[in-house]
Structures are given as structure tokens and as C-alpha cells.
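Content type CSV, C-alpha atoms, from the file input_1.csv:
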```csv
chain,number,residue,atom,x,y,z
A,1,MET,CA,34.0,-23.0,7.2
A,2,LYS,CA,32.9,-23.2,3.5
A,3,LEU,CA,30.8,-26.2,4.2
A,4,LEU,CA,29.0,-24.4,7.1
A,5,GLN,CA,28.4,-21.4,4.8
A,6,LYS,CA,27.0,-23.6,2.1
A,7,VAL,CA,24.7,-25.4,4.6
A,8,ALA,CA,23.6,-22.0,6.1
A,9,ARG,CA,22.9,-20.6,2.6
A,10,THR,CA,20.8,-23.7,1.7
A,11,LEU,CA,18.8,-23.6,4.9
A,12,TYR,CA,18.2,-19.8,4.4
A,13,THR,CA,17.0,-20.4,0.8
A,14,PHE,CA,14.7,-23.1,2.0
A,15,TRP,CA,13.3,-20.8,4.7
A,16,VAL,CA,12.7,-18.0,2.1
A,17,PHE,CA,10.7,-20.3,-0.1
A,18,LEU,CA,8.8,-21.7,2.8
A,19,VAL,CA,7.8,-18.2,3.9
A,20,PHE,CA,7.0,-17.2,0.3
A,21,THR,CA,4.8,-20.2,-0.3
A,22,SER,CA,3.1,-20.7,3.0
A,23,PHE,CA,1.9,-17.1,3.4
A,24,MET,CA,0.7,-16.9,-0.2
A,25,LEU,CA,-1.4,-20.0,0.5
A,26,LEU,CA,-2.6,-18.6,3.7
A,27,PHE,CA,-3.7,-15.3,2.1
A,28,LEU,CA,-4.7,-16.9,-1.2
A,29,PRO,CA,-8.5,-16.0,-1.0
A,30,GLY,CA,-7.6,-12.4,-0.3
A,31,LEU,CA,-5.0,-12.3,-3.0
A,32,THR,CA,-7.3,-13.8,-5.7
A,33,LEU,CA,-11.0,-13.4,-5.0
A,34,PRO,CA,-11.2,-9.6,-5.0
A,35,PHE,CA,-9.9,-9.5,-8.6
A,36,LEU,CA,-12.8,-11.6,-9.8
A,37,PHE,CA,-15.0,-8.5,-9.4
A,38,GLY,CA,-13.0,-6.2,-11.6
A,39,ASN,CA,-11.8,-2.9,-10.2
A,40,ARG,CA,-14.6,-2.5,-7.7
A,41,ILE,CA,-12.9,-4.2,-4.8
A,42,SER,CA,-9.5,-4.9,-6.3
A,43,TRP,CA,-7.9,-2.6,-3.7
A,44,ILE,CA,-8.6,-5.4,-1.2
A,45,GLY,CA,-6.4,-7.7,-3.1
A,46,TYR,CA,-3.6,-5.1,-3.2
A,47,SER,CA,-4.0,-4.6,0.6
A,48,PHE,CA,-3.3,-8.4,1.0
A,49,LEU,CA,-0.3,-8.1,-1.3
A,50,TRP,CA,1.1,-5.3,0.9
A,51,ILE,CA,0.6,-7.4,4.0
A,52,TRP,CA,2.2,-10.4,2.3
A,53,SER,CA,5.2,-8.3,1.2
A,54,TRP,CA,5.6,-6.9,4.7
A,55,ILE,CA,5.6,-10.4,6.3
A,56,PHE,CA,8.0,-11.7,3.6
A,57,SER,CA,10.4,-8.8,4.3
A,58,LYS,CA,10.4,-9.2,8.1
A,59,LEU,CA,10.7,-13.0,8.2
A,60,THR,CA,13.4,-13.3,5.6
A,61,PHE,CA,15.5,-10.4,6.9
A,62,ILE,CA,15.4,-8.7,3.5
A,63,ARG,CA,15.0,-5.1,4.4
A,64,TYR,CA,13.7,-2.3,2.1
A,65,GLU,CA,14.8,1.3,2.5
A,66,PHE,CA,12.7,3.9,0.7
A,67,HIS,CA,13.6,7.4,-0.5
A,68,GLY,CA,11.7,10.0,-2.4
A,69,ARG,CA,8.2,9.2,-1.2
A,70,GLU,CA,7.5,12.9,-1.3
A,71,ASN,CA,7.5,12.6,-5.1
A,72,PHE,CA,4.1,10.8,-5.0
A,73,ARG,CA,1.4,13.3,-5.7
A,74,LYS,CA,-1.9,12.3,-3.9
A,75,GLY,CA,-4.7,11.6,-6.3
A,76,GLN,CA,-2.4,11.5,-9.4
A,77,SER,CA,-2.2,8.4,-11.6
A,78,TYR,CA,1.3,7.6,-12.9
A,79,ILE,CA,3.1,5.4,-15.3
A,80,PHE,CA,5.7,4.0,-12.8
A,81,VAL,CA,8.9,3.1,-14.7
A,82,SER,CA,11.5,1.0,-12.8
A,83,ASN,CA,14.6,-1.0,-13.5
A,84,HIS,CA,14.4,-4.7,-12.8
A,85,THR,CA,17.3,-6.6,-11.2
A,86,SER,CA,15.7,-9.5,-9.2
A,87,PHE,CA,12.5,-11.1,-8.1
A,88,LEU,CA,13.1,-9.2,-4.8
A,89,ASP,CA,12.2,-6.0,-6.6
A,90,LEU,CA,8.5,-6.9,-6.5
A,91,PRO,CA,7.8,-7.0,-2.7
A,92,GLY,CA,9.6,-3.7,-2.2
A,93,LEU,CA,7.7,-1.9,-5.0
A,94,ARG,CA,4.4,-3.2,-3.5
A,95,LEU,CA,5.4,-1.8,-0.1
A,96,LEU,CA,6.5,1.5,-1.6
A,97,ILE,CA,3.7,2.4,-4.0
A,98,PRO,CA,0.6,3.8,-2.3
A,99,GLY,CA,-2.7,2.2,-3.2
A,100,GLU,CA,-3.2,-0.2,-6.0
A,101,PHE,CA,-1.6,-0.3,-9.4
A,102,ARG,CA,-1.3,-2.6,-12.4
A,103,PRO,CA,2.1,-4.1,-13.3
A,104,LEU,CA,2.7,-5.5,-16.8
A,105,ALA,CA,3.8,-9.1,-16.4
A,106,LYS,CA,5.1,-11.7,-18.9
A,107,LYS,CA,2.9,-14.8,-19.4
A,108,GLU,CA,5.7,-17.1,-18.1
A,109,LEU,CA,4.8,-16.0,-14.5
A,110,LEU,CA,1.5,-17.9,-14.9
A,111,LYS,CA,3.5,-21.1,-14.7
A,112,ILE,CA,4.7,-20.4,-11.1
A,113,PRO,CA,2.6,-22.4,-8.7
A,114,VAL,CA,0.3,-20.2,-6.5
A,115,PHE,CA,2.0,-17.0,-7.6
A,116,GLY,CA,0.6,-17.6,-11.1
A,117,LEU,CA,-2.9,-17.5,-9.8
A,118,ILE,CA,-2.2,-14.1,-8.1
A,119,ALA,CA,-0.5,-12.7,-11.2
A,120,ARG,CA,-3.5,-13.5,-13.3
A,121,GLY,CA,-5.7,-11.2,-11.3
A,122,ALA,CA,-3.3,-8.5,-10.0
A,123,THR,CA,-1.3,-7.8,-13.2
A,124,VAL,CA,-1.8,-7.3,-16.9
A,125,ILE,CA,-0.4,-10.3,-18.6
A,126,VAL,CA,1.4,-10.1,-22.0
A,127,ASP,CA,2.7,-12.6,-24.4
A,128,ARG,CA,5.6,-10.7,-26.0
A,129,SER,CA,5.7,-13.1,-28.9
A,130,SER,CA,2.2,-12.2,-30.0
A,131,GLY,CA,1.3,-8.8,-31.5
A,132,GLU,CA,-2.3,-9.3,-30.7
A,133,SER,CA,-1.5,-10.0,-27.0
A,134,ARG,CA,0.7,-6.9,-26.9
A,135,LYS,CA,-2.1,-4.8,-28.3
A,136,LYS,CA,-4.7,-6.2,-25.8
A,137,SER,CA,-2.3,-5.6,-22.9
A,138,LEU,CA,-1.8,-2.0,-24.0
A,139,ASP,CA,-5.5,-1.5,-24.2
A,140,ARG,CA,-5.9,-2.9,-20.6
A,141,LEU,CA,-3.2,-0.6,-19.3
A,142,LYS,CA,-4.9,2.4,-20.9
A,143,MET,CA,-8.2,1.4,-19.3
A,144,ALA,CA,-6.6,1.2,-15.9
A,145,LEU,CA,-5.1,4.7,-16.3
A,146,ALA,CA,-8.5,6.0,-17.5
A,147,GLU,CA,-10.1,4.6,-14.2
A,148,GLY,CA,-7.5,6.4,-12.1
A,149,ILE,CA,-5.2,3.3,-11.5
A,150,SER,CA,-1.5,3.7,-11.9
A,151,ILE,CA,0.5,1.2,-13.9
A,152,LEU,CA,4.0,-0.2,-13.4
A,153,LEU,CA,6.4,-1.2,-16.3
A,154,PHE,CA,9.9,-2.4,-16.1
A,155,ALA,CA,11.6,-0.2,-18.7
A,156,GLU,CA,14.2,-2.8,-19.7
A,157,GLY,CA,11.5,-5.4,-20.5
A,158,THR,CA,13.2,-8.1,-18.3
A,159,GLN,CA,15.6,-8.6,-15.5
A,160,ASN,CA,19.0,-7.1,-16.1
A,161,ARG,CA,21.5,-10.0,-16.5
A,162,SER,CA,24.2,-7.8,-17.9
A,163,LYS,CA,27.0,-5.9,-16.2
A,164,GLU,CA,25.6,-2.6,-17.4
A,165,ILE,CA,23.8,-0.3,-14.9
A,166,LEU,CA,20.8,-0.4,-17.2
A,167,GLN,CA,19.9,-2.3,-20.3
A,168,PRO,CA,18.4,-0.3,-23.3
A,169,PHE,CA,14.8,0.7,-22.6
A,170,LYS,CA,11.8,-0.6,-24.5
A,171,ASP,CA,9.5,1.8,-26.2
A,172,GLY,CA,6.2,0.7,-24.6
A,173,ALA,CA,6.1,2.7,-21.4
A,174,PHE,CA,7.0,5.9,-23.1
A,175,ARG,CA,4.6,5.5,-26.1
A,176,LEU,CA,1.9,4.8,-23.6
A,177,ALA,CA,2.8,7.9,-21.6
A,178,ILE,CA,2.6,10.1,-24.7
A,179,ASP,CA,-0.6,8.5,-25.9
A,180,THR,CA,-2.3,9.1,-22.5
A,181,GLN,CA,-0.4,12.2,-21.5
A,182,MET,CA,0.1,10.6,-18.1
A,183,PRO,CA,3.3,11.6,-16.2
A,184,VAL,CA,6.2,9.2,-15.8
A,185,LEU,CA,7.4,8.5,-12.3
A,186,PRO,CA,10.9,7.0,-12.4
A,187,MET,CA,12.0,4.5,-9.7
A,188,VAL,CA,15.2,2.6,-9.2
A,189,VAL,CA,15.9,-0.5,-7.2
A,190,ILE,CA,19.5,-0.8,-5.8
A,191,GLY,CA,20.9,-3.9,-4.1
A,192,ALA,CA,18.4,-6.5,-5.0
A,193,GLY,CA,20.5,-8.3,-7.7
A,194,PRO,CA,23.3,-9.3,-5.3
A,195,LEU,CA,20.8,-10.8,-2.8
A,196,MET,CA,19.0,-12.9,-5.5
A,197,PRO,CA,20.8,-12.8,-8.9
A,198,PRO,CA,18.5,-13.0,-11.9
A,199,GLY,CA,17.9,-16.6,-13.1
A,200,THR,CA,19.0,-18.2,-9.8
A,201,ILE,CA,17.6,-19.3,-6.5
A,202,ASN,CA,20.7,-18.2,-4.6
A,203,LEU,CA,19.4,-16.0,-1.7
A,204,ARG,CA,20.9,-14.1,1.1
A,205,PRO,CA,19.5,-11.4,3.5
A,206,GLY,CA,20.4,-7.8,3.2
A,207,LEU,CA,19.3,-4.2,2.4
A,208,ILE,CA,17.6,-3.1,-0.8
A,209,LYS,CA,17.1,0.6,-1.5
A,210,ILE,CA,14.3,1.9,-3.7
A,211,ILE,CA,14.4,5.6,-4.8
A,212,VAL,CA,11.6,7.5,-6.3
A,213,GLY,CA,12.6,10.4,-8.6
A,214,PRO,CA,10.6,13.6,-9.4
A,215,GLU,CA,7.8,13.0,-11.9
A,216,ILE,CA,8.5,13.6,-15.6
A,217,SER,CA,5.8,15.6,-17.4
A,218,VAL,CA,4.9,14.6,-20.9
A,219,THR,CA,2.6,17.5,-21.6
A,220,GLY,CA,2.9,18.4,-25.2
A,221,MET,CA,5.5,15.7,-26.0
A,222,THR,CA,5.1,13.7,-29.2
A,223,GLU,CA,8.4,11.9,-29.6
A,224,THR,CA,8.8,8.5,-27.8
A,225,ILE,CA,12.5,8.4,-28.2
A,226,GLU,CA,13.0,11.8,-26.6
A,227,LEU,CA,11.1,10.8,-23.5
A,228,LYS,CA,12.7,7.3,-23.4
A,229,ASN,CA,16.3,8.8,-23.6
A,230,HIS,CA,15.5,11.4,-21.0
A,231,THR,CA,14.1,8.9,-18.5
A,232,PHE,CA,17.1,6.6,-19.1
A,233,ASP,CA,19.5,9.4,-18.2
A,234,VAL,CA,17.4,10.3,-15.1
A,235,MET,CA,17.3,6.7,-13.8
A,236,ARG,CA,21.0,6.1,-14.6
A,237,ASN,CA,22.0,9.1,-12.6
A,238,MET,CA,19.7,8.1,-9.8
A,239,ILE,CA,21.5,4.7,-9.6
A,240,VAL,CA,25.0,6.2,-9.8
A,241,GLN,CA,24.3,8.8,-7.2
A,242,ASN,CA,22.8,6.3,-4.7
A,243,SER,CA,25.0,3.3,-5.2
```
As C-alpha cells, please, write out the structure in this file.
Amino acid sequence: MKLLQKVARTLYTFWVFLVFTSFMLLFLPGLTLPFLFGNRISWIGYSFLWIWSWIFSKLTFIRYEFHGRENFRKGQSYIFVSNHTSFLDLPGLRLLIPGEFRPLAKKELLKIPVFGLIARGATVIVDRSSGESRKKSLDRLKMALAEGISILLFAEGTQNRSKEILQPFKDGAFRLAIDTQMPVLPMVVIGAGPLMPPGTINLRPGLIKIIVGPEISVTGMTETIELKNHTFDVMRNMIVQNS
């Protein structure tokens, strides 16, 4: 029985990577070329990302369940703040968030075949070891917000490999919210970690829930730590109440 389970898990993992890669290659022109023209037709690239995410979910039997969509305000740009538990967070967030947005992504993603090409255009890349890179990425995120495009940041800075519900939050998202006076929209992903634990290629099908909380206004706020701590408490409660 254990041997059969191991074979089934291996075949399923192979299937997931086949779906991941083959459809990215199939849609590669739509996933890369629109971003060469700046923000004028970048929405086309994000439409292809939505289609790819939908196909990936359906063919791999990794289902996403969304709650709180009513908290998106039409025409409002947001600083989306999410936890990060697995690579599987990303397709679900693309399916959930309306329109286009700009995630902040670490430079290591550029090394992933095919996906790296897409990340170069669809995200804002940062080298966390470089102060100059961090400043440039911050400027690009501010430009996106100024042009009416929301941004997405993982508040913990990386995938949560600990046993804690949330790792301590980084300052960046909250400093940016105060500097731009853009509201924070908290989101939590529940169930992705067990389906694909961070740092592994062990995969299994199942259900992932993503919950959107009410927006957090930053009007008049000047203290990053106050906003960061409040958002942490909100997101922790969202996870506890929905797990």
C-alpha cells in the first residue's frame, strides 16, 4: 500500500509540473510580450495569467475557495498584504484579485525556467541584499500605485517555514502604505502549505481557502509599527477564525 501511495504521489507531482510547464510555454507570448510595452497593454498579460491559473487549478485538482470578495472596492487601488505559505498561493491570488496588479518578487525567481521570463515582466523584482535594488523596487511600486495599479506584498517577506501561524512582518508594505496613503487590504491563504510545503516539490491535490478582509485605512497615520502590528493582528485572527 505504501509503495502504491509513493508511486501515485510521484505520478501526480510529475503531472503537476507537466501542466505547469506546458501551459506556460503554450501561453508564453501572451504572458511576456504585453509587458514589453509598459503599462499600456499589460492587462493582456494579466488576463493570460488568469487563464493559466484557472487551467492549472482545474487540471491539477487543486481547488481554490474565495471569501470576502465584497471587500474589493471597484476603482480603488490597494496595497494587498498576504501571508505566504506555498508556491500554490500564487495561482489562487491571481484568480482572486480583479484586474492587474504588481507583486514584489525576489530575484531568485528569475532563475526558474520559463517562469523567470514571466516574473521579469509581471512583477517588480528586488534583490534584498542590495539597498539600491530595494530603493528602485520601492520607486517602481509607488509608480504603479500612482498609475492606479494595485500592488501585492507578502508581509512576512518569504514563505513561512515555521510552525507559527504568521512570521513577524517586514516594514516595507506598511511604510509604503503610509507614504502613499493607500489603503491596505489584508488577505490570508489557508491550506496551501500542506498541499505543497515550502522548499519541497511534494504535491497533493486539495482545497485552498483565500479570505479577503475589510480594507484598513491609513488616513492620517504616520507610524509604520502601529499599522504593521494592527495588520498582523487582523490577519492572525482571520486565519484562526477560518482554519
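You will find atom CA of Gln5 of chain A at 12.6 Å from atom CA of Asn202 of chain A.
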Coordinates-based distance that separates atom CA of Tyr46 of chain A from atom CA of Ile201 of chain A (Å, one decimal): 25.7 Å
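Distances here use all atoms listed in the file; by that measure, the residue among A:Pro103, A:Gly193, A:Pro91, A:Pro98 closest to Arg63 of chain A is A:Pro91.
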Selection: 8 Å around Phe169 of chain A, only C-alpha atoms, excl. self and same-chain fewer than 2 positions, as a ChimeraX atom specification: /A:155-157,167,171,228,232
Interatomic distance (Å, one decimal) between atom CA of Leu18 of chain A and atom CA of Pro198 of chain A: 19.6 Å
Counting only C-alpha atoms, the residue of A:Phe20, A:Thr231, A:Phe37, A:Glu132 that sits nearest Phe174 of chain A: A:Thr231
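Considering only C-alpha atoms, the residue among A:Leu93, A:Val234, A:Arg9, A:Ala173 positioned nearest to Glu65 of chain A is A:Leu93.
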Close residues, segment 133-143 of chain A itself excluded, 12 Å, all atoms listed in the file, min 6 positions apart in chain, as JSON, numbers by chain: {"A": [38, 39, 77, 78, 79, 80, 101, 102, 103, 104, 105, 106, 107, 123, 124, 125, 126, 127, 149, 150, 151, 152, 153, 172, 173, 174, 175, 176, 177, 178, 179, 180, 181, 182]}
Output file for the selection above: C-alpha atoms, as an mmCIF file, keeping the file's coordinate frame:
```
data_model
loop_
_atom_site.group_PDB
_atom_site.id
_atom_site.type_symbol
_atom_site.label_atom_id
_atom_site.label_comp_id
_atom_site.auth_asym_id
_atom_site.auth_seq_id
_atom_site.Cartn_x
_atom_site.Cartn_y
_atom_site.Cartn_z
ATOM 1 C CA GLY A 38 -13.000 -6.200 -11.600
ATOM 2 C CA ASN A 39 -11.800 -2.900 -10.200
ATOM 3 C CA SER A 77 -2.200 8.400 -11.600
ATOM 4 C CA TYR A 78 1.300 7.600 -12.900
ATOM 5 C CA ILE A 79 3.100 5.400 -15.300
ATOM 6 C CA PHE A 80 5.700 4.000 -12.800
ATOM 7 C CA PHE A 101 -1.600 -0.300 -9.400
ATOM 8 C CA ARG A 102 -1.300 -2.600 -12.400
ATOM 9 C CA PRO A 103 2.100 -4.100 -13.300
ATOM 10 C CA LEU A 104 2.700 -5.500 -16.800
ATOM 11 C CA ALA A 105 3.800 -9.100 -16.400
ATOM 12 C CA LYS A 106 5.100 -11.700 -18.900
ATOM 13 C CA LYS A 107 2.900 -14.800 -19.400
ATOM 14 C CA THR A 123 -1.300 -7.800 -13.200
ATOM 15 C CA VAL A 124 -1.800 -7.300 -16.900
ATOM 16 C CA ILE A 125 -0.400 -10.300 -18.600
ATOM 17 C CA VAL A 126 1.400 -10.100 -22.000
ATOM 18 C CA ASP A 127 2.700 -12.600 -24.400
ATOM 19 C CA ILE A 149 -5.200 3.300 -11.500
ATOM 20 C CA SER A 150 -1.500 3.700 -11.900
ATOM 21 C CA ILE A 151 0.500 1.200 -13.900
ATOM 22 C CA LEU A 152 4.000 -0.200 -13.400
ATOM 23 C CA LEU A 153 6.400 -1.200 -16.300
ATOM 24 C CA GLY A 172 6.200 0.700 -24.600
ATOM 25 C CA ALA A 173 6.100 2.700 -21.400
ATOM 26 C CA PHE A 174 7.000 5.900 -23.100
ATOM 27 C CA ARG A 175 4.600 5.500 -26.100
ATOM 28 C CA LEU A 176 1.900 4.800 -23.600
ATOM 29 C CA ALA A 177 2.800 7.900 -21.600
ATOM 30 C CA ILE A 178 2.600 10.100 -24.700
ATOM 31 C CA ASP A 179 -0.600 8.500 -25.900
ATOM 32 C CA THR A 180 -2.300 9.100 -22.500
ATOM 33 C CA GLN A 181 -0.400 12.200 -21.500
ATOM 34 C CA MET A 182 0.100 10.600 -18.100
#
```
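With all atoms listed in the file as the atoms that count, the minimum distance from Ser57 of chain A to the choices A:Arg94, A:Gly148, A:Gly45, A:Val188 is reached by A:Arg94.
With only C-alpha atoms as the atoms that count, the minimum distance from Thr10 of chain A to the choices A:Leu203, A:Ala119, A:Ile239, A:Val218 is reached by A:Leu203.
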Complete the atom set of segment 27-52 of chain A to N, CA and C atoms and return it as a PDB file, in the coordinates of the input.
```pdb
ATOM      1  N   PHE A  27      -2.945 -16.514   2.509  1.00  0.00           N
ATOM      2  CA  PHE A  27      -3.700 -15.300   2.100  1.00  0.00           C
ATOM      3  C   PHE A  27      -4.330 -15.488   0.705  1.00  0.00           C
ATOM      4  N   LEU A  28      -4.290 -16.697   0.140  1.00  0.00           N
ATOM      5  CA  LEU A  28      -4.700 -16.900  -1.200  1.00  0.00           C
ATOM      6  C   LEU A  28      -6.133 -16.363  -1.529  1.00  0.00           C
ATOM      7  N   PRO A  29      -7.131 -16.591  -0.669  1.00  0.00           N
ATOM      8  CA  PRO A  29      -8.500 -16.000  -1.000  1.00  0.00           C
ATOM      9  C   PRO A  29      -8.423 -14.502  -1.120  1.00  0.00           C
ATOM     10  N   GLY A  30      -7.705 -13.826  -0.205  1.00  0.00           N
ATOM     11  CA  GLY A  30      -7.600 -12.400  -0.300  1.00  0.00           C
ATOM     12  C   GLY A  30      -6.787 -11.877  -1.436  1.00  0.00           C
ATOM     13  N   LEU A  31      -5.881 -12.727  -1.928  1.00  0.00           N
ATOM     14  CA  LEU A  31      -5.000 -12.300  -3.000  1.00  0.00           C
ATOM     15  C   LEU A  31      -5.597 -12.636  -4.395  1.00  0.00           C
ATOM     16  N   THR A  32      -6.710 -13.372  -4.437  1.00  0.00           N
ATOM     17  CA  THR A  32      -7.300 -13.800  -5.700  1.00  0.00           C
ATOM     18  C   THR A  32      -8.753 -13.349  -5.896  1.00  0.00           C
ATOM     19  N   LEU A  33      -9.581 -13.623  -4.891  1.00  0.00           N
ATOM     20  CA  LEU A  33     -11.000 -13.400  -5.000  1.00  0.00           C
ATOM     21  C   LEU A  33     -11.409 -11.960  -5.356  1.00  0.00           C
ATOM     22  N   PRO A  34     -10.794 -10.937  -4.732  1.00  0.00           N
ATOM     23  CA  PRO A  34     -11.200  -9.600  -5.000  1.00  0.00           C
ATOM     24  C   PRO A  34     -11.064  -9.210  -6.521  1.00  0.00           C
ATOM     25  N   PHE A  35     -10.120  -9.823  -7.218  1.00  0.00           N
ATOM     26  CA  PHE A  35      -9.900  -9.500  -8.600  1.00  0.00           C
ATOM     27  C   PHE A  35     -10.951 -10.080  -9.541  1.00  0.00           C
ATOM     28  N   LEU A  36     -11.752 -11.018  -9.013  1.00  0.00           N
ATOM     29  CA  LEU A  36     -12.800 -11.600  -9.800  1.00  0.00           C
ATOM     30  C   LEU A  36     -13.944 -10.586 -10.050  1.00  0.00           C
ATOM     31  N   PHE A  37     -13.966  -9.517  -9.258  1.00  0.00           N
ATOM     32  CA  PHE A  37     -15.000  -8.500  -9.400  1.00  0.00           C
ATOM     33  C   PHE A  37     -14.543  -7.238 -10.055  1.00  0.00           C
ATOM     34  N   GLY A  38     -13.507  -7.386 -10.872  1.00  0.00           N
ATOM     35  CA  GLY A  38     -13.000  -6.200 -11.600  1.00  0.00           C
ATOM     36  C   GLY A  38     -12.299  -5.249 -10.685  1.00  0.00           C
ATOM     37  N   ASN A  39     -12.477  -3.964 -10.969  1.00  0.00           N
ATOM     38  CA  ASN A  39     -11.800  -2.900 -10.200  1.00  0.00           C
ATOM     39  C   ASN A  39     -12.586  -2.440  -8.988  1.00  0.00           C
ATOM     40  N   ARG A  40     -13.777  -3.021  -8.772  1.00  0.00           N
ATOM     41  CA  ARG A  40     -14.600  -2.500  -7.700  1.00  0.00           C
ATOM     42  C   ARG A  40     -14.022  -2.746  -6.319  1.00  0.00           C
ATOM     43  N   ILE A  41     -13.472  -3.925  -6.088  1.00  0.00           N
ATOM     44  CA  ILE A  41     -12.900  -4.200  -4.800  1.00  0.00           C
ATOM     45  C   ILE A  41     -11.440  -4.749  -4.938  1.00  0.00           C
ATOM     46  N   SER A  42     -10.826  -4.424  -6.074  1.00  0.00           N
ATOM     47  CA  SER A  42      -9.500  -4.900  -6.300  1.00  0.00           C
ATOM     48  C   SER A  42      -8.473  -4.338  -5.295  1.00  0.00           C
ATOM     49  N   TRP A  43      -8.818  -3.193  -4.694  1.00  0.00           N
ATOM     50  CA  TRP A  43      -7.900  -2.600  -3.700  1.00  0.00           C
ATOM     51  C   TRP A  43      -7.736  -3.551  -2.501  1.00  0.00           C
ATOM     52  N   ILE A  44      -8.739  -4.412  -2.256  1.00  0.00           N
ATOM     53  CA  ILE A  44      -8.600  -5.400  -1.200  1.00  0.00           C
ATOM     54  C   ILE A  44      -7.468  -6.365  -1.483  1.00  0.00           C
ATOM     55  N   GLY A  45      -7.422  -6.831  -2.730  1.00  0.00           N
ATOM     56  CA  GLY A  45      -6.400  -7.700  -3.100  1.00  0.00           C
ATOM     57  C   GLY A  45      -4.989  -7.083  -2.983  1.00  0.00           C
ATOM     58  N   TYR A  46      -4.892  -5.797  -3.323  1.00  0.00           N
ATOM     59  CA  TYR A  46      -3.600  -5.100  -3.200  1.00  0.00           C
ATOM     60  C   TYR A  46      -3.253  -4.857  -1.730  1.00  0.00           C
ATOM     61  N   SER A  47      -4.248  -4.743  -0.869  1.00  0.00           N
ATOM     62  CA  SER A  47      -4.000  -4.600   0.600  1.00  0.00           C
ATOM     63  C   SER A  47      -3.364  -5.938   1.089  1.00  0.00           C
ATOM     64  N   PHE A  48      -3.902  -7.057   0.625  1.00  0.00           N
ATOM     65  CA  PHE A  48      -3.300  -8.400   1.000  1.00  0.00           C
ATOM     66  C   PHE A  48      -1.916  -8.508   0.446  1.00  0.00           C
ATOM     67  N   LEU A  49      -1.681  -8.006  -0.761  1.00  0.00           N
ATOM     68  CA  LEU A  49      -0.300  -8.100  -1.300  1.00  0.00           C
ATOM     69  C   LEU A  49       0.649  -7.250  -0.492  1.00  0.00           C
ATOM     70  N   TRP A  50       0.197  -6.110   0.028  1.00  0.00           N
ATOM     71  CA  TRP A  50       1.100  -5.300   0.900  1.00  0.00           C
ATOM     72  C   TRP A  50       1.386  -6.064   2.190  1.00  0.00           C
ATOM     73  N   ILE A  51       0.367  -6.683   2.783  1.00  0.00           N
ATOM     74  CA  ILE A  51       0.600  -7.400   4.000  1.00  0.00           C
ATOM     75  C   ILE A  51       1.548  -8.601   3.761  1.00  0.00           C
ATOM     76  N   TRP A  52       1.327  -9.318   2.646  1.00  0.00           N
ATOM     77  CA  TRP A  52       2.200 -10.400   2.300  1.00  0.00           C
ATOM     78  C   TRP A  52       3.651  -9.932   2.141  1.00  0.00           C
TER      79      TRP A  52
END
```
